[in-house]
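Source file work.cif; content: mmCIF, C-alpha atoms and all ligand atoms.
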```cif
data_run
loop_
_atom_site.label_atom_id
_atom_site.label_comp_id
_atom_site.auth_asym_id
_atom_site.auth_seq_id
_atom_site.Cartn_x
_atom_site.Cartn_y
_atom_site.Cartn_z
CA MET A 209 0.00 0.00 0.00
CA THR A 210 1.35 3.41 -0.91
CA VAL A 211 1.93 5.61 2.10
CA VAL A 212 0.02 8.91 2.10
CA THR A 213 0.82 11.49 4.77
CA ARG A 214 -0.52 14.97 5.21
CA PHE A 215 0.19 18.23 6.97
CA ALA A 216 -3.07 19.85 8.08
CA PRO A 217 -2.44 23.29 9.55
CA SER A 218 -5.19 25.67 10.63
CA PRO A 219 -4.42 29.07 9.06
CA THR A 220 -5.30 30.98 12.20
CA GLY A 221 -1.73 32.10 12.77
CA PHE A 222 1.55 32.07 10.90
CA LEU A 223 3.46 28.85 10.31
CA HIS A 224 5.64 28.35 13.37
CA ILE A 225 8.53 26.02 14.03
CA GLY A 226 6.31 23.37 15.67
CA GLY A 227 4.12 23.21 12.55
CA ALA A 228 7.20 23.12 10.35
CA ARG A 229 8.51 20.18 12.36
CA THR A 230 5.22 18.27 11.91
CA ALA A 231 5.33 19.01 8.19
CA LEU A 232 8.95 17.82 8.02
CA TYR A 233 8.15 14.50 9.74
CA ASN A 234 5.25 13.89 7.35
CA TRP A 235 7.34 14.82 4.32
CA LEU A 236 10.27 12.66 5.46
CA TYR A 237 8.09 9.64 6.14
CA ALA A 238 6.41 9.95 2.73
CA LYS A 239 9.77 10.32 0.94
CA HIS A 240 11.37 7.50 2.92
CA THR A 241 8.58 5.08 1.98
CA GLY A 242 8.16 6.23 -1.61
CA GLY A 243 4.74 7.64 -0.73
CA LYS A 244 2.92 10.93 -1.12
CA PHE A 245 2.90 14.02 1.06
CA LEU A 246 -0.30 16.10 0.96
CA LEU A 247 -1.27 19.49 2.33
CA ARG A 248 -4.67 20.34 3.75
CA ILE A 249 -5.56 23.82 4.91
CA GLU A 250 -8.02 23.47 7.79
CA ASP A 251 -9.78 26.77 7.32
CA THR A 252 -13.12 25.97 8.94
CA ASP A 253 -12.74 28.58 11.68
CA ARG A 254 -13.96 31.41 9.45
CA GLU A 255 -13.37 34.15 12.01
CA ARG A 256 -9.77 33.30 12.74
CA SER A 257 -8.53 31.94 9.38
CA THR A 258 -6.85 34.56 7.21
CA PRO A 259 -5.54 34.56 3.62
CA GLU A 260 -2.25 36.00 4.96
CA ALA A 261 -1.77 32.96 7.17
CA VAL A 262 -2.54 30.64 4.23
CA GLU A 263 0.10 32.48 2.14
CA ALA A 264 2.60 32.25 4.98
CA ILE A 265 2.05 28.46 5.16
CA PHE A 266 2.65 28.11 1.41
CA ASP A 267 5.71 30.39 1.52
CA GLY A 268 7.16 28.69 4.59
CA LEU A 269 6.76 25.17 3.21
CA ASN A 270 8.22 26.20 -0.15
CA TRP A 271 11.16 27.86 1.54
CA LEU A 272 11.78 24.67 3.53
CA GLY A 273 11.47 22.59 0.37
CA LEU A 274 8.54 20.65 1.83
CA THR A 275 6.37 20.79 -1.24
CA ALA A 276 3.21 18.73 -1.45
CA ASP A 277 2.74 16.11 -4.15
CA GLU A 278 -0.74 17.37 -5.08
CA GLU A 279 -2.68 20.63 -5.05
CA PRO A 280 -3.68 21.61 -1.49
CA THR A 281 -7.12 20.70 -0.18
CA PHE A 282 -9.13 23.45 1.52
CA GLN A 283 -11.30 21.97 4.24
CA PHE A 284 -14.05 24.59 4.30
CA ALA A 285 -14.82 23.98 0.62
CA ARG A 286 -15.65 20.37 1.51
CA ARG A 287 -18.28 21.14 4.16
CA ASP A 288 -21.17 19.71 2.10
CA ARG A 289 -19.36 16.40 1.81
CA HIS A 290 -18.80 16.43 5.59
CA ALA A 291 -22.52 17.07 6.19
CA ASP A 292 -23.40 14.26 3.77
CA VAL A 293 -21.42 11.81 5.89
CA ALA A 294 -23.26 12.99 9.03
CA ASN A 295 -26.55 12.39 7.22
CA GLU A 296 -25.38 8.95 6.14
CA LEU A 297 -24.65 8.12 9.77
CA LEU A 298 -28.08 9.43 10.80
CA ALA A 299 -29.78 7.27 8.17
CA ALA A 300 -27.83 4.22 9.38
CA GLY A 301 -28.84 4.87 13.01
CA LYS A 302 -25.20 5.49 13.92
CA ALA A 303 -25.80 9.13 14.80
CA TYR A 304 -28.80 10.98 16.23
CA TYR A 305 -30.33 14.40 16.69
CA CYS A 306 -29.83 15.91 20.11
CA TYR A 307 -32.22 18.68 21.19
CA CYS A 308 -30.60 19.54 24.51
CA SER A 309 -30.74 23.24 25.28
CA PRO A 310 -27.65 25.19 26.35
CA GLU A 311 -29.20 25.29 29.85
CA GLU A 312 -29.45 21.50 30.01
CA LEU A 313 -25.83 21.16 28.87
CA THR A 314 -24.73 23.69 31.48
CA GLU A 315 -26.58 21.67 34.09
CA MET A 316 -24.79 18.49 32.93
CA ARG A 317 -21.46 20.32 33.14
CA GLU A 318 -22.16 21.69 36.65
CA LYS A 319 -23.25 18.27 37.88
CA ALA A 320 -20.07 16.68 36.52
CA ARG A 321 -17.97 19.39 38.15
CA ALA A 322 -19.75 18.96 41.49
CA GLU A 323 -19.10 15.21 41.33
CA GLY A 324 -15.46 15.80 40.38
CA ARG A 325 -15.61 14.06 37.00
CA PRO A 326 -15.03 15.38 33.48
CA MET A 327 -18.04 16.67 31.55
CA LYS A 328 -19.60 13.93 29.49
CA TYR A 329 -22.81 14.19 27.49
CA ASP A 330 -25.27 11.90 29.28
CA GLY A 331 -26.95 10.41 26.21
CA THR A 332 -30.33 12.05 26.84
CA TRP A 333 -31.32 11.86 23.17
CA ARG A 334 -29.41 8.71 22.22
CA ASP A 335 -32.43 6.43 22.15
CA ARG A 336 -35.21 8.97 22.45
CA ASP A 337 -37.86 9.48 19.84
CA ALA A 338 -37.60 12.82 18.06
CA SER A 339 -41.40 13.19 18.29
CA GLY A 340 -40.87 14.50 21.81
CA ALA A 341 -38.46 17.17 20.58
CA PRO A 342 -38.98 20.73 21.82
CA GLU A 343 -40.20 23.13 19.17
CA GLY A 344 -37.94 25.75 17.68
CA VAL A 345 -34.69 24.01 18.72
CA LYS A 346 -32.22 23.36 15.94
CA PRO A 347 -30.74 20.01 16.93
CA VAL A 348 -27.08 19.08 16.73
CA VAL A 349 -26.09 15.66 15.39
CA ARG A 350 -24.14 13.40 17.74
CA LEU A 351 -22.23 10.23 16.93
CA LYS A 352 -23.54 7.10 18.66
CA ALA A 353 -20.22 6.11 20.15
CA PRO A 354 -19.65 2.62 21.60
CA LEU A 355 -20.55 2.33 25.29
CA GLU A 356 -18.58 -0.78 26.17
CA GLY A 357 -15.09 -2.13 25.65
CA ASP A 358 -11.93 -0.15 25.07
CA ALA A 359 -10.82 2.10 22.25
CA VAL A 360 -7.30 1.01 21.36
CA ILE A 361 -4.81 2.94 19.25
CA MET A 362 -1.59 1.27 18.15
CA ASP A 363 0.41 4.46 17.93
CA GLN A 364 3.78 4.32 16.18
CA VAL A 365 5.32 6.67 18.71
CA GLN A 366 3.28 6.20 21.89
CA GLY A 367 2.80 2.42 21.58
CA GLU A 368 -0.53 0.86 22.50
CA VAL A 369 -2.82 3.47 24.02
CA ARG A 370 -6.13 2.39 25.46
CA VAL A 371 -9.12 4.18 26.90
CA ALA A 372 -12.42 2.75 28.15
CA ASN A 373 -15.26 3.70 25.79
CA GLU A 374 -17.41 4.62 28.77
CA GLN A 375 -15.09 7.55 29.30
CA LEU A 376 -15.82 8.94 25.85
CA ASP A 377 -19.14 10.47 24.95
CA ASP A 378 -21.44 10.96 21.98
CA TYR A 379 -19.74 14.01 20.56
CA VAL A 380 -21.24 16.53 18.18
CA ILE A 381 -20.45 16.01 14.49
CA LEU A 382 -22.85 18.56 13.00
CA ARG A 383 -23.79 21.81 14.71
CA GLY A 384 -27.32 23.17 14.92
CA ASP A 385 -26.61 25.47 11.97
CA GLY A 386 -25.62 22.45 9.85
CA THR A 387 -21.87 23.13 9.90
CA PRO A 388 -19.53 20.19 10.55
CA THR A 389 -17.27 20.06 13.58
CA TYR A 390 -13.50 19.61 13.36
CA MET A 391 -13.80 16.00 14.50
CA LEU A 392 -16.05 15.11 11.54
CA SER A 393 -14.19 17.12 8.90
CA VAL A 394 -10.77 15.75 9.74
CA VAL A 395 -11.91 12.11 9.55
CA VAL A 396 -13.83 12.56 6.29
CA ASP A 397 -10.95 14.45 4.69
CA ASP A 398 -8.29 11.98 5.81
CA HIS A 399 -10.40 9.14 4.47
CA ASP A 400 -11.22 10.84 1.15
CA MET A 401 -7.62 11.92 0.63
CA GLY A 402 -6.50 8.33 1.17
CA VAL A 403 -4.30 9.24 4.12
CA THR A 404 -2.66 6.10 5.51
CA ASN A 405 -0.47 7.69 8.19
CA VAL A 406 -1.51 10.52 10.47
CA ILE A 407 1.61 12.07 11.97
CA ARG A 408 0.87 15.04 14.23
CA GLY A 409 1.49 16.54 17.66
CA ASP A 410 0.48 14.53 20.70
CA ASP A 411 -1.97 17.25 21.66
CA HIS A 412 -4.24 15.38 19.23
CA LEU A 413 -3.86 11.96 20.87
CA THR A 414 -7.17 12.18 22.76
CA ASN A 415 -8.91 13.15 19.51
CA ALA A 416 -7.63 9.93 17.92
CA PHE A 417 -9.87 7.79 20.16
CA ARG A 418 -12.91 9.79 19.21
CA GLN A 419 -11.95 9.81 15.56
CA LYS A 420 -11.53 6.04 15.61
CA ALA A 421 -15.20 5.67 16.63
CA LEU A 422 -16.18 7.65 13.53
CA TYR A 423 -13.99 5.56 11.18
CA ASP A 424 -15.53 2.43 12.69
CA ALA A 425 -19.08 3.76 12.33
CA MET A 426 -18.43 4.44 8.63
CA GLY A 427 -16.66 1.11 8.15
CA TRP A 428 -13.52 2.91 7.00
CA ASP A 429 -9.93 1.79 7.60
CA VAL A 430 -8.37 3.62 10.53
CA PRO A 431 -5.06 5.21 9.51
CA THR A 432 -1.88 4.45 11.39
CA PHE A 433 -1.34 7.15 13.98
CA ALA A 434 1.96 8.59 15.13
CA HIS A 435 1.60 11.30 17.78
CA ILE A 436 4.87 13.08 18.22
CA PRO A 437 5.66 14.66 21.57
CA LEU A 438 5.47 18.42 21.82
CA ASN A 439 6.84 18.38 25.28
CA SER A 440 9.98 16.33 24.99
CA TRP A 441 12.32 18.98 26.35
CA PRO A 442 12.38 19.44 30.12
CA GLY A 443 11.04 22.79 31.13
CA ARG A 444 10.16 25.66 28.91
CA CYS A 445 12.48 26.41 26.01
CA LYS A 446 14.22 29.77 26.46
CA THR A 447 14.71 30.40 22.76
CA VAL A 448 11.42 29.75 21.05
CA GLN A 449 9.33 30.30 24.20
CA THR A 450 7.25 27.19 23.91
CA SER A 451 6.85 24.13 26.09
CA TRP A 452 8.78 22.02 23.55
CA CYS A 453 12.11 22.55 21.90
CA VAL A 454 13.87 21.40 18.78
CA GLY A 455 17.08 21.11 20.74
CA CYS A 456 18.67 24.55 21.02
N1 LIG B 501 -5.59 21.54 12.10
C1 LIG B 501 -5.04 20.90 13.25
C2 LIG B 501 -4.02 21.80 13.89
O1 LIG B 501 -3.54 22.73 13.25
C3 LIG B 501 -4.35 19.61 12.89
C4 LIG B 501 -5.29 18.51 12.75
C5 LIG B 501 -4.64 17.16 12.52
O2 LIG B 501 -3.43 17.09 12.25
O3 LIG B 501 -5.36 16.19 12.59
O4 LIG B 501 -3.70 21.59 15.03
#
```
Final structure tokens representation of the file:
Amino acid sequence: MTVVTRFAPSPTGFLHIGGARTALYNWLYAKHTGGKFLLRIEDTDRERSTPEAVEAIFDGLNWLGLTADEEPTFQFARRDRHADVANELLAAGKAYYCYCSPEELTEMREKARAEGRPMKYDGTWRDRDASGAPEGVKPVVRLKAPLEGDAVIMDQVQGEVRVANEQLDDYVILRGDGTPTYMLSVVVDDHDMGVTNVIRGDDHLTNAFRQKALYDAMGWDVPTFAHIPLNSWPGRCKTVQTSWCVGC
């Protein structure tokens, strides 16, 4: 199987050295294996994404010689495809409409805080008939995530990482206004782009468990994950002023 890697920056700020490092790892792995390196601009945050930041990503990658093997993909332009996948999951009974009001969600959050546990959607609408839905509420769509067993990721850097499914919740894939969430878009795009290896910062490791549930629900192959540490240098780096360091 041909290896396909990708660099998927959000153009909400200029390309920084951490992003460049992630791009380099993806590029190197693709070149090493005779595969392809792709670029995806994750521009779904319309308020914070800027054309200047997109240009800076292109310029920076070109300057580093980390050129992509195909034209870049722009995530926002694919939002209809993302919504189609959410509708497919709805039709298959693998996702559902949730009509919880912001007040109900706040209540859930407060209860979790009072009991000293992390906020987790309680599944109110998971098996409830939509005929009892309150009027005038635009529902979100939530993934019906597995309730039992463990989610296991065989990460190429972290090794086997496991979390009990009961700790994960039915997360939102489509907002009330019909726009896809990051978690949905990233999985659909990685699948459609044929990405075989997701190499990214370990700040995304917890997302991988949730994303796996979505791949499984769609019956798609889960890519091989490699979450690279951002925090491998002890203490805060004095030069680049971040919590990680390239070794100055
Ligand atoms: N757009 C995300 C970021 O800039 C990366 C998403 C991913 O690599 O899956 O952090």
Kindly give the distance, in Å, that separates atom CA of A:Gly226 and atom O2 of ligand LIG 501 (chain B), rounded to a single decimal.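 So the answer is 12.1 Å.
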Which residues come within 12 Å of A:Gly427, counting all atoms listed in the file, excluding same-chain residues fewer than 5 positions away, as a VMD selection string? chain A and resid 293 296 to 297 300 302 396 399 420 to 422
Would you mind telling me which residue in A:Arg321, A:Ala372, A:Ile225, A:Asp363 lies nearest to A:Ile436 when using only C-alpha atoms?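 Ranked by minimum distance to A:Ile436, first place goes to A:Asp363.
Using all atoms listed in the file for every distance, the candidate list A:Arg418, A:Pro354, A:Glu368, A:Asp400 yields A:Arg418 as the residue closest to A:Val380.
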Identify, on the basis of only C-alpha atoms, every residue whose closest approach to A:Asp397 does not exceed 10 Å; exclude the query and any residue fewer than 5 positions from it along the same chain; express the result as a list in words.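 Here the qualifying residues turn out to be Arg248, Glu250, Thr281, Phe282, Gln283, Arg286, Arg287, Arg289, His290, Leu392, Gly402 and Val403 of chain A.
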At most 9 Å from ligand LIG 501 (chain B) (only C-alpha atoms and all ligand atoms): residue list as a short mmCIF file (atom, residue, chain, number, x, y, z; two decimals) with C-alpha atoms, in the frame of the given file:
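Dumped to result.cif:
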```
data_model
loop_
_atom_site.label_atom_id
_atom_site.label_comp_id
_atom_site.auth_asym_id
_atom_site.auth_seq_id
_atom_site.Cartn_x
_atom_site.Cartn_y
_atom_site.Cartn_z
CA ARG A 214 -0.52 14.97 5.21
CA PHE A 215 0.19 18.23 6.97
CA ALA A 216 -3.07 19.85 8.08
CA PRO A 217 -2.44 23.29 9.55
CA SER A 218 -5.19 25.67 10.63
CA PRO A 219 -4.42 29.07 9.06
CA THR A 220 -5.30 30.98 12.20
CA GLY A 227 4.12 23.21 12.55
CA THR A 230 5.22 18.27 11.91
CA ARG A 248 -4.67 20.34 3.75
CA ILE A 249 -5.56 23.82 4.91
CA GLU A 250 -8.02 23.47 7.79
CA ASP A 251 -9.78 26.77 7.32
CA TYR A 390 -13.50 19.61 13.36
CA MET A 391 -13.80 16.00 14.50
CA VAL A 394 -10.77 15.75 9.74
CA VAL A 395 -11.91 12.11 9.55
CA ASP A 398 -8.29 11.98 5.81
CA VAL A 406 -1.51 10.52 10.47
CA ILE A 407 1.61 12.07 11.97
CA ARG A 408 0.87 15.04 14.23
CA GLY A 409 1.49 16.54 17.66
CA ASP A 411 -1.97 17.25 21.66
CA HIS A 412 -4.24 15.38 19.23
CA ASN A 415 -8.91 13.15 19.51
CA ALA A 416 -7.63 9.93 17.92
#
```
Would you mind telling me which residue in A:Asp378, A:Asp429, A:Asp277, A:Glu255 lies nearest to A:Thr332 when using only C-alpha atoms?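 Result for the nearest residue to A:Thr332: A:Asp378.
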Polymer residues at most 7 Å from stretch 338-346 of chain A, all atoms listed in the file, same-chain spacing of 2 or more positions, as a list in words: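 So the residues in contact are Tyr307, Arg336, Val348 and Gly384 of chain A.
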Length of the atom CA of A:His224 to atom CA of A:Glu260 vector [Å]: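 Between atom CA of A:His224 and atom CA of A:Glu260 the gap works out to 13.8 Å.
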